[in-house]
Every structure is written in structure tokens, then in C-alpha cells.
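Asks: PDB, C-alpha atoms, pLDDT in the B column, file run-v9.pdb:
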```pdb
ATOM      1  CA  GLN A   1      10.524  93.958  33.284  1.00 87.00           C
ATOM      2  CA  VAL A   2      13.720  94.330  35.320  1.00 92.00           C
ATOM      3  CA  GLN A   3      16.253  97.001  34.484  1.00 96.00           C
ATOM      4  CA  LEU A   4      19.763  97.348  35.894  1.00 97.00           C
ATOM      5  CA  VAL A   5      22.011 100.394  35.907  1.00 98.00           C
ATOM      6  CA  GLU A   6      25.663 100.193  36.933  1.00 98.00           C
ATOM      7  CA  SER A   7      27.918 103.008  38.066  1.00 98.00           C
ATOM      8  CA  GLY A   8      31.150 103.588  39.926  1.00 98.00           C
ATOM      9  CA  GLY A   9      33.756 102.566  37.389  1.00 98.00           C
ATOM     10  CA  GLY A  10      36.811 104.617  36.607  1.00 98.00           C
ATOM     11  CA  LEU A  11      40.572 104.759  36.281  1.00 98.00           C
ATOM     12  CA  VAL A  12      42.556 103.891  39.381  1.00 98.00           C
ATOM     13  CA  GLN A  13      46.101 102.919  40.249  1.00 98.00           C
ATOM     14  CA  ALA A  14      46.962  99.395  41.313  1.00 98.00           C
ATOM     15  CA  GLY A  15      46.402  98.873  45.006  1.00 98.00           C
ATOM     16  CA  LYS A  16      43.517 101.339  45.198  1.00 98.00           C
ATOM     17  CA  SER A  17      39.815 100.688  45.684  1.00 98.00           C
ATOM     18  CA  LEU A  18      36.565 101.232  43.838  1.00 98.00           C
ATOM     19  CA  ARG A  19      32.951 100.582  44.712  1.00 98.00           C
ATOM     20  CA  LEU A  20      30.582  99.620  41.950  1.00 98.00           C
ATOM     21  CA  THR A  21      26.836 100.105  42.303  1.00 98.00           C
ATOM     22  CA  CYS A  22      24.026  98.274  40.536  1.00 98.00           C
ATOM     23  CA  ILE A  23      20.537  99.722  40.933  1.00 98.00           C
ATOM     24  CA  GLY A  24      17.583  97.599  39.910  1.00 96.00           C
ATOM     25  CA  SER A  25      14.100  98.677  38.957  1.00 93.00           C
ATOM     26  CA  GLY A  26      10.938  97.038  37.709  1.00 90.00           C
ATOM     27  CA  THR A  27       9.691  93.613  38.834  1.00 87.00           C
ATOM     28  CA  MET A  28      12.596  92.993  41.198  1.00 88.00           C
ATOM     29  CA  ARG A  29      10.512  90.562  43.250  1.00 89.00           C
ATOM     30  CA  LYS A  30      11.206  87.908  40.604  1.00 90.00           C
ATOM     31  CA  VAL A  31      14.978  88.248  41.005  1.00 94.00           C
ATOM     32  CA  ASN A  32      16.753  85.510  42.974  1.00 95.00           C
ATOM     33  CA  VAL A  33      20.418  86.247  42.328  1.00 97.00           C
ATOM     34  CA  ILE A  34      22.328  89.357  41.288  1.00 98.00           C
ATOM     35  CA  SER A  35      25.854  88.974  40.016  1.00 98.00           C
ATOM     36  CA  TRP A  36      28.771  91.039  38.818  1.00 98.00           C
ATOM     37  CA  TYR A  37      30.559  89.878  35.677  1.00 98.00           C
ATOM     38  CA  ARG A  38      33.713  91.240  34.114  1.00 98.00           C
ATOM     39  CA  GLN A  39      34.726  91.277  30.484  1.00 98.00           C
ATOM     40  CA  ALA A  40      38.374  92.056  29.921  1.00 96.00           C
ATOM     41  CA  PRO A  41      39.530  93.244  26.496  1.00 91.00           C
ATOM     42  CA  GLY A  42      39.583  90.329  24.082  1.00 94.00           C
ATOM     43  CA  LYS A  43      38.254  87.874  26.644  1.00 96.00           C
ATOM     44  CA  GLN A  44      34.952  86.263  27.490  1.00 97.00           C
ATOM     45  CA  ARG A  45      32.705  87.618  30.175  1.00 97.00           C
ATOM     46  CA  GLU A  46      33.357  85.921  33.517  1.00 98.00           C
ATOM     47  CA  LEU A  47      31.599  85.787  36.853  1.00 98.00           C
ATOM     48  CA  VAL A  48      33.251  87.862  39.567  1.00 98.00           C
ATOM     49  CA  ALA A  49      30.766  87.664  42.443  1.00 98.00           C
ATOM     50  CA  SER A  50      27.126  86.910  43.103  1.00 98.00           C
ATOM     51  CA  ILE A  51      24.657  87.354  45.930  1.00 98.00           C
ATOM     52  CA  ALA A  52      21.385  85.542  46.459  1.00 96.00           C
ATOM     53  CA  ASN A  53      18.214  86.736  48.144  1.00 93.00           C
ATOM     54  CA  ASP A  54      19.134  84.765  51.263  1.00 92.00           C
ATOM     55  CA  GLY A  55      22.429  86.652  51.418  1.00 93.00           C
ATOM     56  CA  GLY A  56      24.564  83.785  50.222  1.00 97.00           C
ATOM     57  CA  THR A  57      27.584  84.904  48.218  1.00 98.00           C
ATOM     58  CA  ASN A  58      29.949  83.396  45.704  1.00 97.00           C
ATOM     59  CA  TYR A  59      33.265  84.761  44.412  1.00 98.00           C
ATOM     60  CA  LYS A  60      35.724  84.123  41.645  1.00 97.00           C
ATOM     61  CA  ASP A  61      38.919  82.763  43.212  1.00 97.00           C
ATOM     62  CA  SER A  62      40.938  85.845  42.317  1.00 96.00           C
ATOM     63  CA  ALA A  63      38.362  88.066  44.032  1.00 97.00           C
ATOM     64  CA  VAL A  64      38.339  86.244  47.358  1.00 97.00           C
ATOM     65  CA  GLY A  65      39.717  88.439  50.116  1.00 97.00           C
ATOM     66  CA  ARG A  66      39.760  91.547  47.918  1.00 98.00           C
ATOM     67  CA  PHE A  67      36.186  92.019  46.695  1.00 98.00           C
ATOM     68  CA  THR A  68      32.985  92.120  48.707  1.00 98.00           C
ATOM     69  CA  ILE A  69      29.500  91.930  47.245  1.00 98.00           C
ATOM     70  CA  SER A  70      26.622  93.258  49.310  1.00 98.00           C
ATOM     71  CA  ARG A  71      23.063  94.399  48.819  1.00 96.00           C
ATOM     72  CA  ASP A  72      20.507  96.815  50.149  1.00 94.00           C
ATOM     73  CA  GLY A  73      17.161  95.181  49.486  1.00 90.00           C
ATOM     74  CA  ALA A  74      15.190  98.260  50.403  1.00 92.00           C
ATOM     75  CA  LYS A  75      16.978 100.200  47.684  1.00 94.00           C
ATOM     76  CA  ASN A  76      17.151  97.324  45.139  1.00 95.00           C
ATOM     77  CA  THR A  77      20.877  97.983  45.052  1.00 97.00           C
ATOM     78  CA  VAL A  78      23.884  95.674  44.941  1.00 98.00           C
ATOM     79  CA  TYR A  79      27.418  96.862  45.568  1.00 98.00           C
ATOM     80  CA  LEU A  80      30.804  95.457  44.663  1.00 98.00           C
ATOM     81  CA  GLU A  81      33.558  96.794  46.880  1.00 98.00           C
ATOM     82  CA  MET A  82      36.892  96.166  45.180  1.00 98.00           C
ATOM     83  CA  ASN A  83      40.087  96.593  47.162  1.00 98.00           C
ATOM     84  CA  SER A  84      43.741  96.037  46.334  1.00 98.00           C
ATOM     85  CA  LEU A  85      42.937  96.361  42.660  1.00 98.00           C
ATOM     86  CA  LYS A  86      45.293  94.835  40.114  1.00 98.00           C
ATOM     87  CA  PRO A  87      45.783  95.605  36.414  1.00 97.00           C
ATOM     88  CA  GLU A  88      44.195  92.241  35.616  1.00 96.00           C
ATOM     89  CA  ASP A  89      40.963  93.503  37.194  1.00 98.00           C
ATOM     90  CA  THR A  90      40.582  95.845  34.239  1.00 98.00           C
ATOM     91  CA  GLY A  91      37.465  95.377  32.165  1.00 98.00           C
ATOM     92  CA  VAL A  92      33.842  96.242  31.741  1.00 98.00           C
ATOM     93  CA  TYR A  93      31.826  95.199  34.779  1.00 98.00           C
ATOM     94  CA  TYR A  94      28.251  94.129  34.172  1.00 98.00           C
ATOM     95  CA  CYS A  95      25.438  93.587  36.618  1.00 98.00           C
ATOM     96  CA  ASN A  96      23.235  90.545  35.963  1.00 98.00           C
ATOM     97  CA  ALA A  97      19.936  89.445  37.453  1.00 97.00           C
ATOM     98  CA  ILE A  98      18.327  86.028  37.233  1.00 96.00           C
ATOM     99  CA  GLY A  99      15.105  84.671  38.664  1.00 94.00           C
ATOM    100  CA  ALA A 100      12.222  82.304  38.118  1.00 88.00           C
ATOM    101  CA  GLY A 101      10.033  83.133  35.162  1.00 88.00           C
ATOM    102  CA  MET A 102      12.330  85.793  33.750  1.00 89.00           C
ATOM    103  CA  ARG A 103      15.096  85.884  31.217  1.00 92.00           C
ATOM    104  CA  PRO A 104      18.548  86.971  32.465  1.00 95.00           C
ATOM    105  CA  ILE A 105      18.865  90.728  32.567  1.00 97.00           C
ATOM    106  CA  TRP A 106      22.093  92.663  31.992  1.00 98.00           C
ATOM    107  CA  GLY A 107      23.013  96.240  32.684  1.00 98.00           C
ATOM    108  CA  GLN A 108      24.932  98.412  30.253  1.00 97.00           C
ATOM    109  CA  GLY A 109      28.243  97.960  32.072  1.00 98.00           C
ATOM    110  CA  THR A 110      30.721 100.247  33.763  1.00 98.00           C
ATOM    111  CA  HIS A 111      34.391 100.496  32.796  1.00 98.00           C
ATOM    112  CA  VAL A 112      37.149  99.809  35.282  1.00 98.00           C
ATOM    113  CA  THR A 113      40.771 100.485  34.363  1.00 98.00           C
ATOM    114  CA  VAL A 114      43.560  99.683  36.785  1.00 98.00           C
ATOM    115  CA  SER A 115      46.936 101.122  35.915  1.00 97.00           C
ATOM    116  CA  SER A 116      50.185  99.609  37.110  1.00 94.00           C
TER     117      SER A 116
END
```
Can you turn what I pasted into C-alpha cells?
Replies:
Amino acid sequence: QVQLVESGGGLVQAGKSLRLTCIGSGTMRKVNVISWYRQAPGKQRELVASIANDGGTNYKDSAVGRFTISRDGAKNTVYLEMNSLKPEDTGVYYCNAIGAGMRPIWGQGTHVTVSS
């Protein structure tokens, strides 16, 4: 069983930066892709960025050039570096893991609030 724990959220002013951390444990060898999703108040959860085992990355259009997803395989950790934050980046950020032979796993989420 895979477990994910997020951290690093907080309250920041627009234009500032935050780094989110997702630490995985359990049968991480089954995991192929780890992603960060965001759920803004009153909205559906949406994909922000993802990273595959081969290092390939994918970003939501609004995150391109501002956010960077990276991973440390030795530590089973994925980071989301968020720069030039905007109020519309506010939401709960969830870490997600998918892989062959496993159901999608979600973390508990970490809150990010960007004030204008």
C-alpha cells in the first residue's frame, strides 16, 4: 500500500514563492507517475503538474514558467516549487500517485492561500 503525505502549504503574498513536498511510503516501486492537483474553493480538482519515473513532466498551462515539479527517487519525494504566486493559485494541493496494479492514491492535501 502506498501512502502520501504533503507539506509546505501556507499563506503568502502574491508574487512570493512556496515549495510543496510530497513524501511517499509503502510499495512505491509500483508507482509510475506522481502528480500535484489543486482544488480551489467551489471548484473541481485539477491537475497542476506531474512527473513520471523517466523524469518526463507535464504542466497545467497557467503553471508553465512559474512552477517546477521535481523528484528525489532515493527519498521517495516529489517537490512542487511555485514561484510568482497569484491569488488564483489558492487552493488545497493534493499529491497523487498512479501505477500498474494499484488504485490511485491521494494524500491528505496541504492548503495554499495567496493574498493579493
Asks: Looking at A:Glu81, A:Gly56, A:Val92, A:Ala100, which one is nearest to A:Thr68, with distances taken over all atoms listed in the file?
Replies: A:Glu81
Asks: Running the PyMOL selection byres ((chain A and resi 29-42) around 7) on this model by hand, what would come out? Give it as number ranges by chain.
Replies: A: 27-28, 43-53, 90-100
Asks: Please produce a file of the residues just selected, as a PDB file, keeping the file's coordinate frame, where the atoms kept are C-alpha atoms.
Replies:
```
ATOM      1  CA  THR A  27       9.691  93.613  38.834  1.00 87.00           C
ATOM      2  CA  MET A  28      12.596  92.993  41.198  1.00 88.00           C
ATOM      3  CA  LYS A  43      38.254  87.874  26.644  1.00 96.00           C
ATOM      4  CA  GLN A  44      34.952  86.263  27.490  1.00 97.00           C
ATOM      5  CA  ARG A  45      32.705  87.618  30.175  1.00 97.00           C
ATOM      6  CA  GLU A  46      33.357  85.921  33.517  1.00 98.00           C
ATOM      7  CA  LEU A  47      31.599  85.787  36.853  1.00 98.00           C
ATOM      8  CA  VAL A  48      33.251  87.862  39.567  1.00 98.00           C
ATOM      9  CA  ALA A  49      30.766  87.664  42.443  1.00 98.00           C
ATOM     10  CA  SER A  50      27.126  86.910  43.103  1.00 98.00           C
ATOM     11  CA  ILE A  51      24.657  87.354  45.930  1.00 98.00           C
ATOM     12  CA  ALA A  52      21.385  85.542  46.459  1.00 96.00           C
ATOM     13  CA  ASN A  53      18.214  86.736  48.144  1.00 93.00           C
ATOM     14  CA  THR A  90      40.582  95.845  34.239  1.00 98.00           C
ATOM     15  CA  GLY A  91      37.465  95.377  32.165  1.00 98.00           C
ATOM     16  CA  VAL A  92      33.842  96.242  31.741  1.00 98.00           C
ATOM     17  CA  TYR A  93      31.826  95.199  34.779  1.00 98.00           C
ATOM     18  CA  TYR A  94      28.251  94.129  34.172  1.00 98.00           C
ATOM     19  CA  CYS A  95      25.438  93.587  36.618  1.00 98.00           C
ATOM     20  CA  ASN A  96      23.235  90.545  35.963  1.00 98.00           C
ATOM     21  CA  ALA A  97      19.936  89.445  37.453  1.00 97.00           C
ATOM     22  CA  ILE A  98      18.327  86.028  37.233  1.00 96.00           C
ATOM     23  CA  GLY A  99      15.105  84.671  38.664  1.00 94.00           C
ATOM     24  CA  ALA A 100      12.222  82.304  38.118  1.00 88.00           C
TER      25      ALA A 100
END
```
Asks: Apply the PyMOL selection byres ((chain A and resi 74) around 12) to the file shown and report the selected residues as a PDB file with C-alpha atoms, in the coordinates of the input.
Replies:
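File produced: out08.pdb:
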```pdb
ATOM      1  CA  ILE A  23      20.537  99.722  40.933  1.00 98.00           C
ATOM      2  CA  GLY A  24      17.583  97.599  39.910  1.00 96.00           C
ATOM      3  CA  SER A  25      14.100  98.677  38.957  1.00 93.00           C
ATOM      4  CA  MET A  28      12.596  92.993  41.198  1.00 88.00           C
ATOM      5  CA  ARG A  29      10.512  90.562  43.250  1.00 89.00           C
ATOM      6  CA  ARG A  71      23.063  94.399  48.819  1.00 96.00           C
ATOM      7  CA  ASP A  72      20.507  96.815  50.149  1.00 94.00           C
ATOM      8  CA  GLY A  73      17.161  95.181  49.486  1.00 90.00           C
ATOM      9  CA  LYS A  75      16.978 100.200  47.684  1.00 94.00           C
ATOM     10  CA  ASN A  76      17.151  97.324  45.139  1.00 95.00           C
ATOM     11  CA  THR A  77      20.877  97.983  45.052  1.00 97.00           C
ATOM     12  CA  VAL A  78      23.884  95.674  44.941  1.00 98.00           C
TER      13      VAL A  78
END
```
Asks: Could you list the residues chosen by the PyMOL selection byres ((chain A and resi 16-20) around 6) in this structure as a ChimeraX atom specification?
Replies: /A:7-8,13-15,21,79-85
Asks: Give the answer as one residue: which of A:Gln1, A:Ser70, A:Ser115, A:Asn58 has the shortest atom-to-atom distance to A:Pro87, using all atoms listed in the file?
Replies: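 Using all atoms listed in the file, A:Pro87 sits closest to A:Ser115.
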Asks: Please measure the separation of atom CA of A:Arg66 and atom CA of A:Val5, giving the value in Å to one decimal.
Replies: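 Atom-to-atom, atom CA of A:Arg66 to atom CA of A:Val5, that is 23.2 Å.
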Asks: By how many Å are atom CA of A:Tyr59 and atom CA of A:Gly26 apart?
Replies: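 Between atom CA of A:Tyr59 and atom CA of A:Gly26 the gap works out to 26.3 Å.
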Asks: Just give me the gap between atom CA of A:Val12 and atom CA of A:Val112 in Å, one decimal is fine.
Replies: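 Rounded to one decimal, the two atoms are 7.9 Å apart.
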Asks: Taking only C-alpha atoms into account, which of A:Gly55, A:Asp61, A:Leu4, A:Asp89 comes nearest A:His111?
Replies: A:Asp89
Asks: Kindly complete stretch 62-85 of chain A to N, CA and C atoms; the output should be written as a PDB file, keeping the file's coordinate frame.
Replies:
```
ATOM      1  N   SER A  62      40.034  84.696  42.273  1.00 96.00           N
ATOM      2  CA  SER A  62      40.938  85.845  42.317  1.00 96.00           C
ATOM      3  C   SER A  62      40.333  87.033  43.059  1.00 96.00           C
ATOM      4  N   ALA A  63      39.037  86.975  43.333  1.00 97.00           N
ATOM      5  CA  ALA A  63      38.362  88.066  44.032  1.00 97.00           C
ATOM      6  C   ALA A  63      38.269  87.820  45.542  1.00 97.00           C
ATOM      7  N   VAL A  64      38.473  86.581  45.935  1.00 97.00           N
ATOM      8  CA  VAL A  64      38.339  86.244  47.358  1.00 97.00           C
ATOM      9  C   VAL A  64      39.349  87.035  48.183  1.00 97.00           C
ATOM     10  N   GLY A  65      38.850  87.666  49.233  1.00 97.00           N
ATOM     11  CA  GLY A  65      39.717  88.439  50.116  1.00 97.00           C
ATOM     12  C   GLY A  65      39.944  89.868  49.676  1.00 97.00           C
ATOM     13  N   ARG A  66      39.578  90.186  48.420  1.00 98.00           N
ATOM     14  CA  ARG A  66      39.760  91.547  47.918  1.00 98.00           C
ATOM     15  C   ARG A  66      38.433  92.222  47.597  1.00 98.00           C
ATOM     16  N   PHE A  67      37.479  91.462  47.098  1.00 98.00           N
ATOM     17  CA  PHE A  67      36.186  92.019  46.695  1.00 98.00           C
ATOM     18  C   PHE A  67      35.103  91.579  47.678  1.00 98.00           C
ATOM     19  N   THR A  68      34.131  92.453  47.869  1.00 98.00           N
ATOM     20  CA  THR A  68      32.985  92.120  48.707  1.00 98.00           C
ATOM     21  C   THR A  68      31.712  92.550  48.003  1.00 98.00           C
ATOM     22  N   ILE A  69      30.798  91.607  47.821  1.00 98.00           N
ATOM     23  CA  ILE A  69      29.500  91.930  47.245  1.00 98.00           C
ATOM     24  C   ILE A  69      28.490  92.046  48.377  1.00 98.00           C
ATOM     25  N   SER A  70      27.633  93.050  48.284  1.00 98.00           N
ATOM     26  CA  SER A  70      26.622  93.258  49.310  1.00 98.00           C
ATOM     27  C   SER A  70      25.385  93.849  48.651  1.00 98.00           C
ATOM     28  N   ARG A  71      24.290  93.863  49.405  1.00 96.00           N
ATOM     29  CA  ARG A  71      23.063  94.399  48.819  1.00 96.00           C
ATOM     30  C   ARG A  71      22.255  95.150  49.860  1.00 96.00           C
ATOM     31  N   ASP A  72      21.475  96.080  49.348  1.00 94.00           N
ATOM     32  CA  ASP A  72      20.507  96.815  50.149  1.00 94.00           C
ATOM     33  C   ASP A  72      19.159  96.534  49.506  1.00 94.00           C
ATOM     34  N   GLY A  73      18.426  95.589  50.076  1.00 90.00           N
ATOM     35  CA  GLY A  73      17.161  95.181  49.486  1.00 90.00           C
ATOM     36  C   GLY A  73      16.145  96.297  49.403  1.00 90.00           C
ATOM     37  N   ALA A  74      16.158  97.158  50.382  1.00 92.00           N
ATOM     38  CA  ALA A  74      15.190  98.260  50.403  1.00 92.00           C
ATOM     39  C   ALA A  74      15.409  99.214  49.238  1.00 92.00           C
ATOM     40  N   LYS A  75      16.644  99.290  48.781  1.00 94.00           N
ATOM     41  CA  LYS A  75      16.978 100.200  47.684  1.00 94.00           C
ATOM     42  C   LYS A  75      17.164  99.458  46.356  1.00 94.00           C
ATOM     43  N   ASN A  76      16.920  98.130  46.354  1.00 95.00           N
ATOM     44  CA  ASN A  76      17.151  97.324  45.139  1.00 95.00           C
ATOM     45  C   ASN A  76      18.546  97.580  44.571  1.00 95.00           C
ATOM     46  N   THR A  77      19.515  97.626  45.448  1.00 97.00           N
ATOM     47  CA  THR A  77      20.877  97.983  45.052  1.00 97.00           C
ATOM     48  C   THR A  77      21.864  96.910  45.502  1.00 97.00           C
ATOM     49  N   VAL A  78      22.795  96.602  44.626  1.00 98.00           N
ATOM     50  CA  VAL A  78      23.884  95.674  44.941  1.00 98.00           C
ATOM     51  C   VAL A  78      25.201  96.403  44.718  1.00 98.00           C
ATOM     52  N   TYR A  79      26.119  96.202  45.635  1.00 98.00           N
ATOM     53  CA  TYR A  79      27.418  96.862  45.568  1.00 98.00           C
ATOM     54  C   TYR A  79      28.521  95.820  45.361  1.00 98.00           C
ATOM     55  N   LEU A  80      29.591  96.272  44.737  1.00 98.00           N
ATOM     56  CA  LEU A  80      30.804  95.457  44.663  1.00 98.00           C
ATOM     57  C   LEU A  80      31.963  96.335  45.123  1.00 98.00           C
ATOM     58  N   GLU A  81      32.422  96.067  46.330  1.00 98.00           N
ATOM     59  CA  GLU A  81      33.558  96.794  46.880  1.00 98.00           C
ATOM     60  C   GLU A  81      34.814  96.064  46.432  1.00 98.00           C
ATOM     61  N   MET A  82      35.679  96.778  45.726  1.00 98.00           N
ATOM     62  CA  MET A  82      36.892  96.166  45.180  1.00 98.00           C
ATOM     63  C   MET A  82      38.105  96.849  45.795  1.00 98.00           C
ATOM     64  N   ASN A  83      38.883  96.076  46.520  1.00 98.00           N
ATOM     65  CA  ASN A  83      40.087  96.593  47.162  1.00 98.00           C
ATOM     66  C   ASN A  83      41.326  95.945  46.564  1.00 98.00           C
ATOM     67  N   SER A  84      42.462  96.565  46.825  1.00 98.00           N
ATOM     68  CA  SER A  84      43.741  96.037  46.334  1.00 98.00           C
ATOM     69  C   SER A  84      43.652  95.682  44.851  1.00 98.00           C
ATOM     70  N   LEU A  85      43.163  96.626  44.081  1.00 98.00           N
ATOM     71  CA  LEU A  85      42.937  96.361  42.660  1.00 98.00           C
ATOM     72  C   LEU A  85      44.237  96.094  41.922  1.00 98.00           C
TER      73      LEU A  85
END
```
